[in-house]
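Structure, as structure tokens:
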Amino acid sequence: MSDVSDAVDELRSYAGRMRELSDRMRAIRVEETSPDGSVTVTVDGEGRLVDIRLSHSVSRLTSTQFGQRLVDAGHAAARRAMAEQSALVAAFNDPDPPNPDT
């Protein structure tokens, strides 16, 4: 009977870790600003657009320049968000994480 009890305990622990991973992934927010500061983009952990902020300097940009800054900032933010997500999954899957105290 202890084998069943141990298996149930292990499943509960795993489910708790999965909930924690899911919560942490949903909490990811990455912000990236164009080099000239005209466009700031925020994405979630899946790289989906959450927010765009524009500075007053955006009015001096052509539509092409504006579009390029928006796309570049969005891509940079999405890459960083995906890297954060990948790091969380890798840490979750690591059966024996390194101990920084050793």
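Going through the structure tokens in order, the chains are called A, B, and so on, while each chain numbers its residues from 1 and the ligands are numbered from 1 in the order shown.
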Distance query A:Glu32 at most 7 Å, only C-alpha atoms, self and fewer than 5 positions along chain excluded, as a PDB file with N, CA and C atoms, in the first residue's frame:
```
ATOM      1  N   THR A  40       7.931  51.489 -27.550  1.00  0.00           N
ATOM      2  CA  THR A  40       8.151  50.481 -26.520  1.00  0.00           C
ATOM      3  C   THR A  40       7.051  49.443 -26.645  1.00  0.00           C
ATOM      4  N   VAL A  41       7.455  48.186 -26.722  1.00  0.00           N
ATOM      5  CA  VAL A  41       6.531  47.077 -26.901  1.00  0.00           C
ATOM      6  C   VAL A  41       6.652  46.148 -25.701  1.00  0.00           C
ATOM      7  N   THR A  42       5.515  45.658 -25.227  1.00  0.00           N
ATOM      8  CA  THR A  42       5.496  44.657 -24.161  1.00  0.00           C
ATOM      9  C   THR A  42       4.786  43.420 -24.687  1.00  0.00           C
ATOM     10  N   ALA A  73      11.235  46.088 -32.331  1.00  0.00           N
ATOM     11  CA  ALA A  73      11.044  46.022 -30.875  1.00  0.00           C
ATOM     12  C   ALA A  73      10.194  44.809 -30.512  1.00  0.00           C
ATOM     13  N   ALA A  76      12.344  41.633 -30.845  1.00  0.00           N
ATOM     14  CA  ALA A  76      13.324  41.543 -29.760  1.00  0.00           C
ATOM     15  C   ALA A  76      12.645  41.130 -28.455  1.00  0.00           C
ATOM     16  N   ALA A  77      11.487  41.716 -28.175  1.00  0.00           N
ATOM     17  CA  ALA A  77      10.761  41.367 -26.952  1.00  0.00           C
ATOM     18  C   ALA A  77      10.297  39.913 -26.997  1.00  0.00           C
TER      19      ALA A  77
END
```
DSSP says alpha helix (DSSP H) for which residues of chain A? Put them as a VMD selection string? chain A and resid 2 to 27 63 to 93
I'd like the contact shell of A:Glu46 - 9 Å cut-off, only C-alpha atoms, skipping same-chain residues fewer than 3 positions apart - returned as a ChimeraX atom specification. /A:25-26,28,43,49,78,81-82,85
Which neighbours of A:Arg60 fall inside 12 Å, counting only C-alpha atoms, when residues of the same chain fewer than 5 positions from it are skipped, and could you give them as a list of chain:residue names? A:Asp36, A:Ser38, A:Leu54, A:Ser55, A:Gln65, A:Phe66
Residues from the last selection, N, CA and C atoms, saved as a compact mmCIF listing (two decimals), in the first residue's frame:
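Output (part.txt):
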```txt
# COMPACT_ATOMS: atom_id res chain seq x y z
N ASP A 36 15.95 54.46 -30.52
CA ASP A 36 15.72 55.90 -30.45
C ASP A 36 14.67 56.27 -29.39
N SER A 38 11.48 55.76 -29.41
CA SER A 38 10.17 56.17 -29.93
C SER A 38 9.08 55.13 -29.70
N LEU A 54 4.14 54.80 -27.25
CA LEU A 54 4.83 55.63 -28.22
C LEU A 54 5.26 56.94 -27.56
N SER A 55 6.45 57.39 -27.88
CA SER A 55 6.91 58.69 -27.38
C SER A 55 6.50 59.76 -28.38
N GLN A 65 9.57 54.01 -41.19
CA GLN A 65 10.44 54.01 -40.01
C GLN A 65 9.67 53.54 -38.77
N PHE A 66 8.47 54.06 -38.61
CA PHE A 66 7.64 53.67 -37.47
C PHE A 66 7.39 52.16 -37.49
```
For atom CA of A:Asp44 and atom CA of A:Val30, the interatomic separation in Å (one decimal): 6.5 Å
Env of stretch 3-20 of chain A: 12 Å cut, atoms = only C-alpha atoms, seq-sep filter 5 positions within chain, self excluded. Answer as a ChimeraX atom specification. /A:25-27,88-89,91-93,95
Output file for the selection above: C-alpha atoms, as a PDB file, in the first residue's frame:
```
ATOM      1  CA  MET A  25       4.971  31.319 -17.557  1.00  0.00           C
ATOM      2  CA  ARG A  26       1.736  33.339 -17.513  1.00  0.00           C
ATOM      3  CA  ALA A  27       3.496  36.026 -15.461  1.00  0.00           C
ATOM      4  CA  LEU A  88      11.586  27.957 -17.002  1.00  0.00           C
ATOM      5  CA  VAL A  89      10.807  24.732 -18.858  1.00  0.00           C
ATOM      6  CA  ALA A  91      14.560  24.267 -14.986  1.00  0.00           C
ATOM      7  CA  PHE A  92      11.316  22.340 -14.555  1.00  0.00           C
ATOM      8  CA  ASN A  93      12.662  19.379 -16.520  1.00  0.00           C
ATOM      9  CA  PRO A  95      15.737  16.448 -12.247  1.00  0.00           C
TER      10      PRO A  95
END
```
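In terms of minimum interatomic distance to A:Ser59, A:Val39 ranks closest within A:Val39, A:Ala83, A:Ala90, A:Val71, counting only C-alpha atoms.
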Taken to one decimal, the atom CA of A:Ala87-atom CA of A:Val50 distance is 21.0 Å
Interatomic distance, atom CA of A:Leu70 to atom CA of A:Pro35 (Å, one decimal): 11.0 Å
